[in-house]
Amino acid sequence: GLLLEAIEIYEEKLGTEHPLYAKANYELGTFYQTQEKHEEAEELFNKALEIQEKTLGEHHPDLTKTYENLAINYWQQDKYESALNTYRNALDEYVYQVNTYFSAMNEAEKTEFWNQIQPKFIRFYSFAVEAYPTIPEVSIDVYNYHIATKALLLNSSRKVKNRILNSGDEYLIAQYNEWQDLKNYTGKLYAMTNEDLEKENINLDSLEQVVAELEKELTVSSEHFKQAQEQQTIKYNDIASQLGSNDAAIEIIRIDKYDHLFTDESIYYLALTLKNDGSHPEMIVYENGMEMENKYIAEYKKAIMKGRDMDKFYEYYWKGMDDITKDQENLYVSIDGIYNQININ
């Protein structure tokens, strides 16, 4: 009732083309979504998007949130194609933020940022588990998003920063500090409406151009900076192209299982297998992650200590991957979670 009243007030006072009116529609949409009134929610999300796309910048967080909730709403209705297409709008923006701002953040900011966006990708991977039988190519999205965000807190930006600041090159240091300040400043501006930017006489395009020019100069001045920037655009086919005909790469991902809006207290393991044969990654799902991390691992450790037969652990941890990669001679495996505690050999 209060949300409907708020919408009426915003419409009367501000009109139907204002960001606050859009936000009120979005909030009512999220309420209907939790009530499983999906058609009503979809209509409100689309109404909010229509206004937000006109009045907010393309990188505004409110726009991204609306895309994400609309995608989840499609998922709740088993509209997998619509969900995937809409999800891409939201997650591509989060990847953009990773590539654009992350390297300029301090360590505390990086941790806070990652804590905010990681659950969004994990929830998408849960969606992908359900959608994969219908849309096998969703595994490409999972692979690319995982590579784009993998080991984010351990990336090379800290080393790059330290090397530049300790270089003794005063001009290079001044360039880097200016770039860092401008990146952080433009990041804050994305949260403003187009109208507010005009009132403050801020030209975001010009600022972005200045940042781009600084990045060009830094790329010329610092090989380390250049390498860090180049590492941001890797896709699944870039990795596949590096594999030989007898090779396969495997990405193992531990996820908290989401039931659309909320976690359902299950743990899943996903394995994405990749070959250099023109195919998309294949996805294997291990749904008994809780047993893998508790019951099975306890049995595994006892079996090692007592020299018992290990065959059953092949079934628990490896068979699904082996079914797809058994003809390959060399495997490049990136592990996660419980796979850090077992010997894959």
# chains A, B, ... in the order shown; residues from 1 in each chain; ligands from 1
call {"tool": "closest_atom_pairs", "arguments": {"of": "stretch 205-247 of chain A", "to": "stretch 184-192 of chain A", "cutoff": "12 Å", "atoms": "only C-alpha atoms", "output": "CSV"}}
result
residue,atom,partner,partner_atom,distance
A:Asp205,CA,A:Thr186,CA,9.9
A:Ser206,CA,A:Thr186,CA,10.6
A:Leu207,CA,A:Thr186,CA,7.2
A:Glu208,CA,A:Thr186,CA,7.5
A:Gln209,CA,A:Thr186,CA,11.0
A:Val210,CA,A:Thr186,CA,10.7
A:Val211,CA,A:Thr186,CA,9.0
A:Ala212,CA,A:Thr186,CA,11.9
call {"tool": "closest_atom_pairs", "arguments": {"of": "stretch 138-231 of chain A", "to": "stretch 252-265 of chain A", "cutoff": "10 Å", "atoms": "only C-alpha atoms", "output": "JSON lines"}}
result
{"residue": "A:Val142", "atom": "CA", "partner": "A:Ile253", "partner_atom": "CA", "distance": 9.9}
{"residue": "A:Tyr143", "atom": "CA", "partner": "A:Ile253", "partner_atom": "CA", "distance": 9.9}
{"residue": "A:His146", "atom": "CA", "partner": "A:Ile253", "partner_atom": "CA", "distance": 8.4}
{"residue": "A:Lys150", "atom": "CA", "partner": "A:Ile253", "partner_atom": "CA", "distance": 9.9}
call {"tool": "atom_distance", "arguments": {"atom1": "atom CA of A:Asp78", "atom2": "atom CA of A:Leu63"}}
result
22.9 Å
call {"tool": "residues_around", "arguments": {"residues": "A:Asn144", "least_positions_apart": "2", "cutoff": "12 Å", "atoms": "only C-alpha atoms", "output": "PyMOL selection string"}}
result
chain A and resi 88+91-92+95+121+125+137-142+146-150+232-240+251+272+274+280-281
call {"tool": "select_by_dssp", "arguments": {"residues": "stretch 91-329 of chain A", "states": "strand (DSSP E or B)", "output": "PyMOL selection string"}}
result
chain A and resi 193+247-259+262-274+282-286
call {"tool": "residues_around", "arguments": {"residues": "A:Tyr314", "least_positions_apart": "5", "cutoff": "10 Å", "atoms": "only C-alpha atoms", "output": "PyMOL selection string"}}
result
chain A and resi 319-320+322+344-345
call {"tool": "write_last_selection", "arguments": {"atoms": "all heavy atoms", "output": "CSV table (one decimal), in the first residue's frame"}}
result
chain,number,residue,atom,x,y,z
A,319,LYS,N,34.6,-38.6,-11.8
A,319,LYS,CA,34.1,-39.3,-12.9
A,319,LYS,C,33.5,-38.4,-14.0
A,319,LYS,O,33.7,-38.6,-15.2
A,319,LYS,CB,33.1,-40.3,-12.4
A,319,LYS,CG,32.5,-41.2,-13.6
A,319,LYS,CD,31.5,-42.2,-13.1
A,319,LYS,CE,31.1,-43.2,-14.2
A,319,LYS,NZ,30.6,-42.4,-15.4
A,320,GLY,N,32.6,-37.5,-13.6
A,320,GLY,CA,32.0,-36.6,-14.6
A,320,GLY,C,32.9,-35.9,-15.5
A,320,GLY,O,32.7,-35.8,-16.7
A,322,ASP,N,36.0,-36.9,-16.1
A,322,ASP,CA,36.8,-38.0,-16.8
A,322,ASP,C,36.0,-38.5,-18.0
A,322,ASP,O,36.6,-38.8,-19.1
A,322,ASP,CB,37.1,-39.1,-15.9
A,322,ASP,CG,38.2,-40.1,-16.5
A,322,ASP,OD1,39.1,-39.6,-17.1
A,322,ASP,OD2,38.0,-41.3,-16.4
A,344,ILE,N,44.3,-35.1,-7.1
A,344,ILE,CA,43.6,-35.4,-8.3
A,344,ILE,C,44.2,-36.6,-9.0
A,344,ILE,O,43.6,-37.5,-9.6
A,344,ILE,CB,43.5,-34.2,-9.2
A,344,ILE,CG1,42.5,-33.2,-8.6
A,344,ILE,CG2,43.0,-34.6,-10.6
A,344,ILE,CD1,42.4,-31.9,-9.4
A,345,ASN,N,45.5,-36.7,-8.9
A,345,ASN,CA,46.2,-37.9,-9.6
A,345,ASN,C,45.7,-39.2,-9.0
A,345,ASN,O,45.6,-40.2,-9.7
A,345,ASN,CB,47.7,-37.7,-9.4
A,345,ASN,CG,48.4,-36.7,-10.2
A,345,ASN,OD1,48.0,-36.6,-11.4
A,345,ASN,ND2,49.3,-35.9,-9.7
call {"tool": "residues_around", "arguments": {"residues": "stretch 25-31 of chain A", "least_positions_apart": "2", "cutoff": "9 Å", "atoms": "only C-alpha atoms", "output": "list in words"}}
result
Leu3, Leu4, Ile7, Leu20, Tyr21, Ala22, Lys23, Gln33, Thr34, Gln35, Glu36, Lys37, His38, Glu40, Ala41, Glu42, Glu43, Leu44, Phe45, Asn46, Lys47, Ala48, Leu49, Thr66, Asn69 and Leu70 of chain A
call {"tool": "write_last_selection", "arguments": {"atoms": "N, CA and C atoms", "output": "PDB file, in the first residue's frame"}}
result
ATOM      1  N   LEU A   3       3.950   1.543  -0.996  1.00  0.00           N
ATOM      2  CA  LEU A   3       4.680   1.660  -2.260  1.00  0.00           C
ATOM      3  C   LEU A   3       3.782   2.237  -3.361  1.00  0.00           C
ATOM      4  N   LEU A   4       2.529   1.785  -3.407  1.00  0.00           N
ATOM      5  CA  LEU A   4       1.583   2.335  -4.383  1.00  0.00           C
ATOM      6  C   LEU A   4       1.346   3.817  -4.128  1.00  0.00           C
ATOM      7  N   ILE A   7       4.333   5.770  -5.370  1.00  0.00           N
ATOM      8  CA  ILE A   7       4.312   5.916  -6.830  1.00  0.00           C
ATOM      9  C   ILE A   7       3.378   7.049  -7.244  1.00  0.00           C
ATOM     10  N   LEU A  20      13.237   8.909  -9.624  1.00  0.00           N
ATOM     11  CA  LEU A  20      12.603   8.482  -8.367  1.00  0.00           C
ATOM     12  C   LEU A  20      11.287   7.744  -8.632  1.00  0.00           C
ATOM     13  N   TYR A  21      10.570   8.173  -9.677  1.00  0.00           N
ATOM     14  CA  TYR A  21       9.362   7.451 -10.065  1.00  0.00           C
ATOM     15  C   TYR A  21       9.726   6.043 -10.552  1.00  0.00           C
ATOM     16  N   ALA A  22      10.818   5.968 -11.314  1.00  0.00           N
ATOM     17  CA  ALA A  22      11.297   4.658 -11.792  1.00  0.00           C
ATOM     18  C   ALA A  22      11.689   3.769 -10.615  1.00  0.00           C
ATOM     19  N   LYS A  23      12.390   4.365  -9.645  1.00  0.00           N
ATOM     20  CA  LYS A  23      12.841   3.577  -8.502  1.00  0.00           C
ATOM     21  C   LYS A  23      11.662   3.058  -7.687  1.00  0.00           C
ATOM     22  N   GLN A  33       7.691  -9.559  -6.786  1.00  0.00           N
ATOM     23  CA  GLN A  33       8.561 -10.691  -7.097  1.00  0.00           C
ATOM     24  C   GLN A  33       8.639 -11.654  -5.922  1.00  0.00           C
ATOM     25  N   THR A  34       8.798 -11.127  -4.719  1.00  0.00           N
ATOM     26  CA  THR A  34       8.863 -11.996  -3.538  1.00  0.00           C
ATOM     27  C   THR A  34       7.518 -12.658  -3.255  1.00  0.00           C
ATOM     28  N   GLN A  35       6.439 -12.030  -3.744  1.00  0.00           N
ATOM     29  CA  GLN A  35       5.100 -12.610  -3.596  1.00  0.00           C
ATOM     30  C   GLN A  35       4.746 -13.559  -4.750  1.00  0.00           C
ATOM     31  N   GLU A  36       5.717 -13.754  -5.662  1.00  0.00           N
ATOM     32  CA  GLU A  36       5.549 -14.613  -6.834  1.00  0.00           C
ATOM     33  C   GLU A  36       4.443 -14.121  -7.776  1.00  0.00           C
ATOM     34  N   LYS A  37       4.252 -12.804  -7.797  1.00  0.00           N
ATOM     35  CA  LYS A  37       3.366 -12.180  -8.785  1.00  0.00           C
ATOM     36  C   LYS A  37       4.251 -11.714  -9.939  1.00  0.00           C
ATOM     37  N   HIS A  38       4.669 -12.679 -10.754  1.00  0.00           N
ATOM     38  CA  HIS A  38       5.764 -12.418 -11.688  1.00  0.00           C
ATOM     39  C   HIS A  38       5.361 -11.525 -12.858  1.00  0.00           C
ATOM     40  N   GLU A  40       3.122  -9.077 -12.815  1.00  0.00           N
ATOM     41  CA  GLU A  40       3.065  -7.710 -12.302  1.00  0.00           C
ATOM     42  C   GLU A  40       4.476  -7.155 -12.097  1.00  0.00           C
ATOM     43  N   ALA A  41       5.366  -8.006 -11.553  1.00  0.00           N
ATOM     44  CA  ALA A  41       6.742  -7.584 -11.323  1.00  0.00           C
ATOM     45  C   ALA A  41       7.439  -7.255 -12.644  1.00  0.00           C
ATOM     46  N   GLU A  42       7.239  -8.112 -13.643  1.00  0.00           N
ATOM     47  CA  GLU A  42       7.873  -7.907 -14.955  1.00  0.00           C
ATOM     48  C   GLU A  42       7.438  -6.579 -15.565  1.00  0.00           C
ATOM     49  N   GLU A  43       6.154  -6.274 -15.475  1.00  0.00           N
ATOM     50  CA  GLU A  43       5.637  -5.015 -16.028  1.00  0.00           C
ATOM     51  C   GLU A  43       6.279  -3.808 -15.338  1.00  0.00           C
ATOM     52  N   LEU A  44       6.418  -3.889 -14.015  1.00  0.00           N
ATOM     53  CA  LEU A  44       6.998  -2.770 -13.261  1.00  0.00           C
ATOM     54  C   LEU A  44       8.490  -2.625 -13.531  1.00  0.00           C
ATOM     55  N   PHE A  45       9.211  -3.737 -13.611  1.00  0.00           N
ATOM     56  CA  PHE A  45      10.644  -3.676 -13.913  1.00  0.00           C
ATOM     57  C   PHE A  45      10.870  -3.054 -15.294  1.00  0.00           C
ATOM     58  N   ASN A  46      10.061  -3.461 -16.268  1.00  0.00           N
ATOM     59  CA  ASN A  46      10.232  -2.918 -17.624  1.00  0.00           C
ATOM     60  C   ASN A  46       9.882  -1.431 -17.674  1.00  0.00           C
ATOM     61  N   LYS A  47       8.877  -1.026 -16.888  1.00  0.00           N
ATOM     62  CA  LYS A  47       8.536   0.389 -16.818  1.00  0.00           C
ATOM     63  C   LYS A  47       9.693   1.180 -16.207  1.00  0.00           C
ATOM     64  N   ALA A  48      10.274   0.626 -15.142  1.00  0.00           N
ATOM     65  CA  ALA A  48      11.419   1.279 -14.503  1.00  0.00           C
ATOM     66  C   ALA A  48      12.597   1.379 -15.467  1.00  0.00           C
ATOM     67  N   LEU A  49      12.866   0.290 -16.200  1.00  0.00           N
ATOM     68  CA  LEU A  49      13.982   0.289 -17.157  1.00  0.00           C
ATOM     69  C   LEU A  49      13.813   1.347 -18.234  1.00  0.00           C
ATOM     70  N   THR A  66      17.997  -3.160 -11.688  1.00  0.00           N
ATOM     71  CA  THR A  66      16.722  -3.480 -12.333  1.00  0.00           C
ATOM     72  C   THR A  66      16.896  -4.609 -13.337  1.00  0.00           C
ATOM     73  N   ASN A  69      17.241  -7.939 -11.341  1.00  0.00           N
ATOM     74  CA  ASN A  69      16.003  -8.464 -10.768  1.00  0.00           C
ATOM     75  C   ASN A  69      15.023  -8.921 -11.847  1.00  0.00           C
ATOM     76  N   LEU A  70      15.026  -8.232 -12.981  1.00  0.00           N
ATOM     77  CA  LEU A  70      14.180  -8.677 -14.091  1.00  0.00           C
ATOM     78  C   LEU A  70      14.659 -10.037 -14.597  1.00  0.00           C
TER      79      LEU A  70
END
call {"tool": "select_by_dssp", "arguments": {"residues": "stretch 74-294 of chain A", "states": "helix (DSSP H, G or I)", "output": "number ranges by chain"}}
result
A: 74-76, 80-104, 107-131, 138-149, 152-154, 157-165, 170-189, 194-199, 204-221, 223-233, 236-240, 289-293
call {"tool": "atom_distance", "arguments": {"atom1": "atom CA of A:Glu293", "atom2": "atom CA of A:Pro133"}}
result
26.0 Å
call {"tool": "residues_around", "arguments": {"residues": "A:Lys183", "least_positions_apart": "4", "cutoff": "7 Å", "atoms": "only C-alpha atoms", "output": "ChimeraX atom specification"}}
result
/A:101,104,179,187
call {"tool": "write_last_selection", "arguments": {"atoms": "N, CA and C atoms", "output": "compact mmCIF listing (two decimals), in the first residue's frame"}}
result
# COMPACT_ATOMS: atom_id res chain seq x y z
N TYR A 101 37.51 -0.06 -12.59
CA TYR A 101 37.81 0.56 -11.30
C TYR A 101 38.71 -0.24 -10.38
N ALA A 104 42.35 0.53 -9.51
CA ALA A 104 42.62 1.82 -8.86
C ALA A 104 42.19 1.85 -7.39
N TRP A 179 45.79 9.25 -12.54
CA TRP A 179 44.91 8.23 -13.11
C TRP A 179 44.05 7.59 -12.02
N GLY A 187 34.06 6.93 -11.10
CA GLY A 187 33.23 5.86 -10.53
C GLY A 187 32.09 6.40 -9.69
call {"tool": "closest_atom_pairs", "arguments": {"of": "stretch 208-246 of chain A", "to": "stretch 163-178 of chain A", "cutoff": "9 Å", "atoms": "only C-alpha atoms", "output": "JSON lines"}}
result
{"residue": "A:Val211", "atom": "CA", "partner": "A:Glu178", "partner_atom": "CA", "distance": 8.9}
{"residue": "A:Leu214", "atom": "CA", "partner": "A:Gln175", "partner_atom": "CA", "distance": 7.1}
{"residue": "A:Glu215", "atom": "CA", "partner": "A:Tyr176", "partner_atom": "CA", "distance": 8.8}
{"residue": "A:Glu217", "atom": "CA", "partner": "A:Gln175", "partner_atom": "CA", "distance": 8.2}
{"residue": "A:Leu218", "atom": "CA", "partner": "A:Gln175", "partner_atom": "CA", "distance": 7.1}
{"residue": "A:Ser221", "atom": "CA", "partner": "A:Leu172", "partner_atom": "CA", "distance": 7.0}
{"residue": "A:Ser222", "atom": "CA", "partner": "A:Ile164", "partner_atom": "CA", "distance": 7.7}
{"residue": "A:His224", "atom": "CA", "partner": "A:Arg163", "partner_atom": "CA", "distance": 8.1}
{"residue": "A:Phe225", "atom": "CA", "partner": "A:Ile164", "partner_atom": "CA", "distance": 8.5}
